[in-house]
Amino acid sequence: MSPNIKAPSKTVSFLHDGSTEVVNIEDKVVLKFPNSNIPLLTLPIHNAFFIVGLFLYGLQQDPKGILRKNLVTYIVIQFSYGYLITIACSNKKKKDRSEDNRGLLIGASMAISLLLSLPVFITLILLGAPLIEYLEETYLLGLYLSLSAIYPLLIQFKCNYETLVNFFGNGNALQVVSQNHVAMSSVGYAVGTWIGVIPLPLDWDRDWQKWPITLLTGGMAGSFLGSLIPLFLDCYRKFTSKPGSKKEL
Amino acid sequence: MNPETKASGLYPGGNQYFLQRQQQSRSRIKQQKFWFTSLGYLIVLSFFALLQFIGIILFTQGFLLSRQVLPQVSSCNGSDICSEGAKFDKLVFLVIDALRFDFTIDAEGSDKHYHNNFPILHKLSQEEPDNALLLKFISDPPTTTLQRLKGLTTGALPTFIDAGSNFNGDAIDEDNWILQLHKNNKSVAFMGDDTWMALFEKYFNPKLSFPYDSLNVLDTETVDNGVISHLFPLLESENSTKWDVLIGHFLGVDHIGHSYNPNHFMMKKKLEQMNQVITDVIKKIDDSTLLVVIGDHGMDATGNHGGDSKDEIETSLFMYSKQKRFKFHKKHKSHYDTSDLGKRYRSVNQIDLVPTISLLLGLPIPFNNLGYPIDEAFEDDKKLSAASYKTIRQIEDFRLASGLTNDEVVNSKYEDFTTFYSNMKKSKKDELKAIELAKNYQISSLEHCKSMWARFDLNLISVGIIILSLSLILLMTYSRSIPSVRVSTMSFEFIGSIVAMILLGLVLSFSVFFVFRPHISLNKCLSVGVAFGITIGYWAPIMDRFSVDWICQQTKDFFIYNFNFWSFLGMSFAVLHALVFASNSYVVWEDKMISFFVLTFGFSCFFSCITKINQSKYKKIMGISHSITFIILSRLVSMINVCREEQHPYCKVTFRMSWWSVLLLYVIAIIIPLIISSFYKLTNSYYSAAPIWIGKGVRYMLLLNAIYWTLDFIGNHDKFLASSWVSISPILKSLKLGIARVVLGITLVLTNFGWSKGPLCISIGATNNVDNTSESKSSVTDNNSSSSGNSTSSIILGYGNIYGSSYFLLVLNFAVSAIFVSKPLGAISLSILLVQILTLLELIDMLDLRRNLLSSIMLCILGYQHFFSTGHQATIPSIQWETGFMTTETIVFPFTHVNIILNTFGSFIIVGLAIPLITLWRIKPSGKSITILSQIITNITTLLTYQTLTSLSSFIFAAYFRRHLMVWKIFAPRFMLSGLLLIVFNLHLIICTFWFGSGRILNQVNRIFGK
């Protein structure tokens, strides 16, 4: 039977499905995200110094031992860094009660980020880290990753999952994230670790090609460089808006 | 709203006939328009493919220079390259495959299984120095049997291309001494390795040829026993009149090397057996017979060969005769020093045997020969100088015929020799001088030929690269810069101008060829003309309609549109993948890089699903679970690998036949249909055709696949081979053949035919709830009862994924056949690929990546991932030739070739076929089938762009690194893979994906729903 004959007897109407009722949220509601205004204080310069220090200590000879030994040092550093972030964040706002919980926030963030090192470790394995050998190295890398990429975010967002998701998931994420240097340093850390994989296959047989040195270095350097991006963007914006009237930032 | 519904509102009831007619003609026009548009696309895509083929071919001809094969055959008439008479009437020519030189000499103090077990050759050369001669025999790489046989019979040099055609073994079409024997009415008996039959079948005495299969390396006995059983009866005096030349080829030594290793106790036994055979043969042969025993190549420490290491190229040459009048003209003893495993032992080239045999048997030297007679085989300096003269004349003839006479050094050496030889006095001193001059000439001519044939033609290489770059730019603009709506209307403009420009290009290049006489052949010149014609023909309508500014604006728009994370990801994958070829380390580790790309994408999806706001909880959970599935599957797949040589010691081979991998085949036969059907149920389209295809077809085919590989596993198992059950192995073999033919016949022919009839995965169901908001359902209300919406009405189930569900069945057809020709772990990898594709499609739908260039790129990368996980690498030895013999026992065109193509490019064929699903998955029937088609074209050309970019990059770097140490090991094979992939993708995407797949599905759905 030809469908052409069948056609006139029926009309087919298509109901609108549920997905069409996409809510066009008016972008009038400006999402409020924490944004520190004293970036220089909270630039993660310590990451850059830390990795240089590790290299001086002999990271290339014994990555596992050195990373293990310096973990406590790094945790202490991150405690103080977290404190700096809380200062930077609360400075701008009126003094609210969050200041009282500062210690609690830092402690909780540290605990959560230490816990999150396990999922990060699994992520690293899933992304292709060696499955049988080098497990401890991978786990240490996961710890450092979690401490230096997740921990500052937790502090800045006061461990609020919803805000964090909205921060990265909103329609304007690219702009919002690129203005926040703490977030950019975390993104930079992730990207840097990703890029840190690249020198691994080279057949140069260098010490620094040992797992996971390149990834850690990439991450540490990435976090520092990433945090500089908002600064540059800021300068660029100021520079381009100079001729006209000063725009609000 | 549709005009039809409006019309029916205007003319209720009465004008039904009129309406029907109107609608019919409307849909006919629509169908015609659709057909016309797809034809336009088809032709344009074919032109693009042609452009790329031209680029690939020109580059390949410049890069892999193949030797010129001259058809001339030497003859004795009117030339002085024949010897006056034969020294020997008969020849027994025994080849012992992979007989390394140190196997045959005294290795003092060595207790290796391969040493000191084959002493007869060396012993005789010591004890009967006048009758026996043992020399080190140097073969030219590649050290594979086919190449060696060609070299041993023609005296010519092999080229890289030949190595690839080892499998094909085309009949030899150059002059060779077997042909000369045949021409001189000699009877040639043959027994052993069937590679000879492929080359020389027509020259052998059909009654006296006994070939044996050479591919089954596990069998170390059949060939040798066969040779022995036919050899000795023929050596008996009553049979000796039946043959003039007897060729035997033993494979046992080679097979033991491949299957075990050289230092295996079997090797000792085998060499002792060979020793016995040669001893017996020597006893049997008469005075007028020359015995030649050679190895065609050596073997390395693992027992394999093919390369150019010392162990692989060094083999033995042994000559023996009982003739009283004949004596070997031995050199001083120091030339035959066997200490240090014969390091300083005198060596000759394999090609040197060719003039030697020809002259000793009184045959003309083969026309293409480049070798020089072996000194010892000619009794004295006088005979040797005469032999030299003949050889030199032949070489010079060859040089003249092949146009190689442009090297002044070689020419002057020839002059030196001829002038000296013509004025030569009959003194020993002069003869020695003549021999020396002749050798000088031969060596430099050989060097010259080597340099000629190993030289890259940079002009062709750069033309090839330019043409491919042009095609890349062209594809980029076609796929992403120009809006697809415009492209669809421009097809015929393109075709017109391209045809015109091709004609112009042909005329121009023709005239250029005749006026300027460039140093390339007419074909190449014309194809360059065609290539530029296509390019200009493509740009002409664009420039005519738009302007440079517009193009710039479009490019800018492209980047603005793609200023998002996903596009960045896609572009960085493309750029990084292209940069892989800049370093040998990355080419070596490409499999890991690809897995890393896939997993990066998986995690990006995971992250994006988590942070996606404004989405229902169900969708979010589905998204997260899909991305987790995708990640875990990709990680699992990345653990299946074969290692290339260069990856050691950081890589462990997991791609092996084992009982658990065979067991897993049964598991996937059960699980895969279930998983696929659950994906169909997600879109509510597991109806009508789908249960038949997936629930029955795929399941039973996968079950047969599992049975096939079980039989294969049993049939090759050591315990089975050792047990008394081994007698049923012919039954197993025929059973396997039967299964293979059934499965491949069904999946490649029957189901595709069935699919072309247009199965749809929909069903009519009844529902009370018309306001159903479920996206995969729609209501069909009768015209008569359309007044109210809440009455019982029928709904079409599976409406929301009507294209995708039906199209995926086609993907399954090809996927199952590719699974079948893959080895067990490869089959598992490809089944995972199917699930990965489905999750990817769901993710694409969820994350709204349909229009993003990343989706096609991801499919392509998935193809690469599974190329590596199905046991392949970008090396020639990793090609799984044995799968070619699944449906036929011998090489039969096209079945063997289809199998190997399916096995090698199976993953790419699957992903190439899945490309339209990016557009088609989870969309409802649309009246605008041309729009859908144009989106499919966009995705197809995006995939092609990606592949062209990576191929072009690998071409450029292969050419750039042409002097690199690793060029033939790493860069050249990778370039060959890239070139082949580009060809496969072009053909497959145009013919299967676009013409067969997309065209039919759109037409089919359109016919039923597209009003």
# chains A, B, ... in the order shown; residues from 1 in each chain; ligands from 1

$ residues_around --residues "Ser388 of chain B" --least-positions-apart "2" --cutoff "8 Å" --atoms "only C-alpha atoms" --output "JSON, numbers by chain"
{"B": [372, 373, 384, 385, 386, 390, 391, 392, 435, 438]}

$ residues_around --residues "Asp207 of chain A" --least-positions-apart "5" --cutoff "10 Å" --atoms "only C-alpha atoms" --output "NGL selection string"
:A and (59-63 or 213)

$ write_last_selection --atoms "N, CA, C and O atoms" --output "PDB file, in the first residue's frame"
ATOM      1  N   LEU A  59      63.502  15.809  43.926  1.00  0.00           N
ATOM      2  CA  LEU A  59      62.283  15.155  43.446  1.00  0.00           C
ATOM      3  C   LEU A  59      62.587  14.155  42.335  1.00  0.00           C
ATOM      4  O   LEU A  59      61.967  13.099  42.236  1.00  0.00           O
ATOM      5  N   GLN A  60      63.592  14.516  41.510  1.00  0.00           N
ATOM      6  CA  GLN A  60      63.873  13.663  40.355  1.00  0.00           C
ATOM      7  C   GLN A  60      64.446  12.313  40.761  1.00  0.00           C
ATOM      8  O   GLN A  60      64.243  11.320  40.087  1.00  0.00           O
ATOM      9  N   GLN A  61      65.174  12.312  41.891  1.00  0.00           N
ATOM     10  CA  GLN A  61      65.801  11.061  42.284  1.00  0.00           C
ATOM     11  C   GLN A  61      64.788  10.117  42.921  1.00  0.00           C
ATOM     12  O   GLN A  61      64.767   8.937  42.654  1.00  0.00           O
ATOM     13  N   ASP A  62      63.938  10.677  43.780  1.00  0.00           N
ATOM     14  CA  ASP A  62      63.034   9.814  44.529  1.00  0.00           C
ATOM     15  C   ASP A  62      61.681  10.497  44.645  1.00  0.00           C
ATOM     16  O   ASP A  62      61.354  11.079  45.681  1.00  0.00           O
ATOM     17  N   PRO A  63      60.885  10.473  43.586  1.00  0.00           N
ATOM     18  CA  PRO A  63      59.626  11.217  43.610  1.00  0.00           C
ATOM     19  C   PRO A  63      58.714  10.770  44.751  1.00  0.00           C
ATOM     20  O   PRO A  63      58.137  11.610  45.449  1.00  0.00           O
ATOM     21  N   ILE A 213      56.144  13.263  38.111  1.00  0.00           N
ATOM     22  CA  ILE A 213      56.773  14.581  38.247  1.00  0.00           C
ATOM     23  C   ILE A 213      56.213  15.589  37.243  1.00  0.00           C
ATOM     24  O   ILE A 213      55.847  16.713  37.607  1.00  0.00           O
TER      25      ILE A 213
END

$ select_by_dssp --residues "segment 93-320 of chain B" --states "alpha helix (DSSP H)" --output "PyMOL selection string"
chain B and resi 120-127+145-154+160-164+177-183+195-200+222-235+252-259+265-284+310-313

$ residues_around --residues "Leu105 of chain A" --least-positions-apart "4" --cutoff "8 Å" --atoms "only C-alpha atoms" --output "list in words"
Asn101, Ser109, Ile155, Lys158 and Cys159 of chain A

$ write_last_selection --atoms "all heavy atoms" --output "mmCIF file, in the first residue's frame"
data_model
loop_
_atom_site.group_PDB
_atom_site.id
_atom_site.type_symbol
_atom_site.label_atom_id
_atom_site.label_comp_id
_atom_site.auth_asym_id
_atom_site.auth_seq_id
_atom_site.Cartn_x
_atom_site.Cartn_y
_atom_site.Cartn_z
ATOM 1 N N ASN A 101 33.377 31.651 61.860
ATOM 2 C CA ASN A 101 33.550 30.249 61.509
ATOM 3 C C ASN A 101 34.785 30.009 60.648
ATOM 4 O O ASN A 101 34.922 28.980 60.023
ATOM 5 C CB ASN A 101 32.313 29.745 60.755
ATOM 6 C CG ASN A 101 31.097 29.860 61.623
ATOM 7 O OD1 ASN A 101 31.201 29.818 62.848
ATOM 8 N ND2 ASN A 101 29.952 30.035 60.998
ATOM 9 N N SER A 109 37.200 22.360 55.050
ATOM 10 C CA SER A 109 37.642 22.296 53.655
ATOM 11 C C SER A 109 38.832 21.361 53.522
ATOM 12 O O SER A 109 38.912 20.543 52.587
ATOM 13 C CB SER A 109 38.040 23.680 53.153
ATOM 14 O OG SER A 109 37.001 24.577 53.348
ATOM 15 N N ILE A 155 37.048 26.613 50.046
ATOM 16 C CA ILE A 155 37.079 27.727 50.979
ATOM 17 C C ILE A 155 36.360 28.931 50.406
ATOM 18 O O ILE A 155 35.515 29.559 51.053
ATOM 19 C CB ILE A 155 38.535 28.083 51.330
ATOM 20 C CG1 ILE A 155 39.097 26.960 52.181
ATOM 21 C CG2 ILE A 155 38.607 29.422 52.045
ATOM 22 C CD1 ILE A 155 40.363 27.289 52.874
ATOM 23 N N LYS A 158 32.745 28.444 50.455
ATOM 24 C CA LYS A 158 32.263 28.079 51.782
ATOM 25 C C LYS A 158 31.625 26.697 51.780
ATOM 26 O O LYS A 158 30.594 26.474 52.397
ATOM 27 C CB LYS A 158 31.279 29.126 52.284
ATOM 28 C CG LYS A 158 31.897 30.503 52.343
ATOM 29 C CD LYS A 158 31.131 31.418 53.248
ATOM 30 C CE LYS A 158 31.924 32.660 53.577
ATOM 31 N NZ LYS A 158 32.379 33.412 52.405
ATOM 32 N N CYS A 159 32.245 25.802 51.063
ATOM 33 C CA CYS A 159 31.796 24.413 50.986
ATOM 34 C C CYS A 159 30.365 24.286 50.518
ATOM 35 O O CYS A 159 29.673 23.319 50.837
ATOM 36 C CB CYS A 159 31.945 23.697 52.330
ATOM 37 S SG CYS A 159 33.621 23.630 52.895
#

$ residues_around --residues "segment 921-934 of chain B" --least-positions-apart "4" --cutoff "10 Å" --atoms "only C-alpha atoms" --output "VMD selection string"
(chain A and resid 14) or (chain B and resid 2 30 to 31 33 to 35 37 to 38 41 479 483 to 489 683 775 to 778 798 to 808 838 841 to 842 844 to 845 850 914 916 to 917 938 to 940 994 998 to 999 1002 to 1003 1005 to 1011)

$ closest_residue --among "A:Ile45, A:Val182, A:Ile132, A:Leu143" --to "Ser117 of chain A" --atoms "only C-alpha atoms"
A:Leu143

$ residues_around --residues "segment 200-206 of chain B" --least-positions-apart "6" --cutoff "12 Å" --atoms "only C-alpha atoms" --output "MDAnalysis selection string"
chainID B and resid 146 149:150 153:154 169:191 193:194 242:247

$ select_by_dssp --residues "segment 120-228 of chain B" --states "strand (DSSP E or B)" --output "list in words"
Ala132, Leu133, Leu134, Leu135, Lys136, Phe137, Ile138, Val188, Ala189, Phe190, Met191, Gly192, Asp193, Ser209, Phe210, Pro211 and Tyr212 of chain B

$ residues_around --residues "Tyr139 of chain A" --least-positions-apart "3" --cutoff "9 Å" --atoms "only C-alpha atoms" --output "MDAnalysis selection string"
chainID A and resid 117:118 120:122 124 134:136 142:144

$ closest_residue --among "B:His626, B:His577, B:Lys283, B:Lys310" --to "chain A" --atoms "only C-alpha atoms"
B:His577

$ closest_residue --among "B:Leu674, B:Ile1001, B:Met846, B:Ile613" --to "chain A" --atoms "only C-alpha atoms"
B:Ile613

$ atom_distance --atom1 "atom CA of Ile910 of chain B" --atom2 "atom CA of Leu51 of chain B"
24.4 Å

$ atom_distance --atom1 "atom CA of His264 of chain B" --atom2 "atom CA of Asn304 of chain B"
13.7 Å

$ decode --residues "segment 184-197 of chain B" --atoms "all heavy atoms" --output "CSV table (one decimal), in the first residue's frame"
chain,number,residue,atom,x,y,z
B,184,ASN,N,64.0,-22.6,-22.2
B,184,ASN,CA,64.9,-23.5,-22.8
B,184,ASN,C,64.5,-25.0,-22.7
B,184,ASN,O,65.3,-25.9,-22.8
B,184,ASN,CB,66.3,-23.4,-22.3
B,184,ASN,CG,66.9,-22.0,-22.7
B,184,ASN,OD1,67.1,-21.8,-23.9
B,184,ASN,ND2,67.2,-21.1,-21.8
B,185,ASN,N,63.2,-25.1,-22.5
B,185,ASN,CA,62.6,-26.5,-22.5
B,185,ASN,C,63.2,-27.4,-21.4
B,185,ASN,O,63.4,-28.6,-21.7
B,185,ASN,CB,62.7,-27.1,-23.8
B,185,ASN,CG,61.9,-26.3,-24.9
B,185,ASN,OD1,60.9,-25.8,-24.6
B,185,ASN,ND2,62.4,-26.3,-26.1
B,186,LYS,N,63.5,-26.8,-20.3
B,186,LYS,CA,64.0,-27.7,-19.2
B,186,LYS,C,62.8,-28.0,-18.3
B,186,LYS,O,61.9,-27.2,-18.2
B,186,LYS,CB,65.0,-27.0,-18.4
B,186,LYS,CG,66.2,-26.4,-19.1
B,186,LYS,CD,67.3,-27.4,-19.2
B,186,LYS,CE,68.5,-26.7,-19.9
B,186,LYS,NZ,69.6,-27.6,-20.1
B,187,SER,N,62.8,-29.2,-17.7
B,187,SER,CA,61.7,-29.5,-16.9
B,187,SER,C,62.1,-29.2,-15.4
B,187,SER,O,63.1,-29.6,-14.9
B,187,SER,CB,61.5,-31.0,-17.0
B,187,SER,OG,60.8,-31.5,-15.9
B,188,VAL,N,61.3,-28.3,-14.8
B,188,VAL,CA,61.6,-27.9,-13.4
B,188,VAL,C,60.6,-28.6,-12.5
B,188,VAL,O,59.4,-28.4,-12.6
B,188,VAL,CB,61.4,-26.4,-13.3
B,188,VAL,CG1,61.9,-25.9,-11.9
B,188,VAL,CG2,62.2,-25.7,-14.4
B,189,ALA,N,61.2,-29.4,-11.6
B,189,ALA,CA,60.4,-30.0,-10.5
B,189,ALA,C,60.4,-29.1,-9.3
B,189,ALA,O,61.5,-28.5,-9.0
B,189,ALA,CB,60.9,-31.4,-10.2
B,190,PHE,N,59.3,-29.1,-8.6
B,190,PHE,CA,59.3,-28.2,-7.4
B,190,PHE,C,58.6,-28.9,-6.2
B,190,PHE,O,57.6,-29.6,-6.4
B,190,PHE,CB,58.6,-26.9,-7.7
B,190,PHE,CG,58.3,-26.1,-6.5
B,190,PHE,CD1,59.3,-25.5,-5.8
B,190,PHE,CD2,57.0,-26.1,-6.0
B,190,PHE,CE1,59.0,-24.9,-4.6
B,190,PHE,CE2,56.7,-25.4,-4.8
B,190,PHE,CZ,57.7,-24.8,-4.1
B,191,MET,N,59.1,-28.7,-5.0
B,191,MET,CA,58.4,-29.2,-3.9
B,191,MET,C,58.7,-28.3,-2.7
B,191,MET,O,59.8,-27.8,-2.5
B,191,MET,CB,58.8,-30.6,-3.5
B,191,MET,CG,60.2,-30.8,-3.4
B,191,MET,SD,60.8,-32.3,-4.1
B,191,MET,CE,60.5,-32.1,-5.8
B,192,GLY,N,57.6,-28.0,-1.9
B,192,GLY,CA,57.9,-27.2,-0.7
B,192,GLY,C,57.0,-25.9,-0.6
B,192,GLY,O,55.8,-26.0,-1.1
B,193,ASP,N,57.5,-24.9,0.0
B,193,ASP,CA,56.8,-23.6,0.2
B,193,ASP,C,56.0,-23.1,-1.0
B,193,ASP,O,56.6,-22.9,-2.0
B,193,ASP,CB,57.9,-22.6,0.6
B,193,ASP,CG,57.2,-21.3,1.0
B,193,ASP,OD1,56.0,-21.0,0.8
B,193,ASP,OD2,57.9,-20.4,1.7
B,194,ASP,N,54.7,-22.9,-0.8
B,194,ASP,CA,53.9,-22.6,-1.9
B,194,ASP,C,54.1,-21.1,-2.4
B,194,ASP,O,53.4,-20.7,-3.4
B,194,ASP,CB,52.4,-22.8,-1.6
B,194,ASP,CG,51.9,-22.0,-0.4
B,194,ASP,OD1,52.7,-21.3,0.2
B,194,ASP,OD2,50.7,-22.1,-0.1
B,195,THR,N,54.9,-20.4,-1.7
B,195,THR,CA,55.2,-19.0,-2.2
B,195,THR,C,55.8,-19.1,-3.7
B,195,THR,O,55.5,-18.3,-4.5
B,195,THR,CB,56.3,-18.3,-1.3
B,195,THR,OG1,55.9,-18.5,0.0
B,195,THR,CG2,56.4,-16.9,-1.6
B,196,TRP,N,56.6,-20.2,-3.9
B,196,TRP,CA,57.1,-20.4,-5.2
B,196,TRP,C,56.0,-20.5,-6.3
B,196,TRP,O,56.2,-20.0,-7.4
B,196,TRP,CB,58.0,-21.7,-5.3
B,196,TRP,CG,59.3,-21.6,-4.6
B,196,TRP,CD1,59.5,-21.7,-3.3
B,196,TRP,CD2,60.6,-21.3,-5.2
B,196,TRP,NE1,60.9,-21.6,-3.0
B,196,TRP,CE2,61.5,-21.3,-4.2
B,196,TRP,CE3,61.0,-21.1,-6.5
B,196,TRP,CZ2,62.9,-21.1,-4.4
B,196,TRP,CZ3,62.3,-20.9,-6.8
B,196,TRP,CH2,63.3,-20.9,-5.7
B,197,MET,N,55.0,-21.2,-5.9
B,197,MET,CA,53.9,-21.5,-6.9
B,197,MET,C,53.3,-20.1,-7.3
B,197,MET,O,53.0,-19.9,-8.5
B,197,MET,CB,52.8,-22.4,-6.3
B,197,MET,CG,53.3,-23.8,-6.0
B,197,MET,SD,53.9,-24.5,-7.5
B,197,MET,CE,52.5,-25.1,-8.3
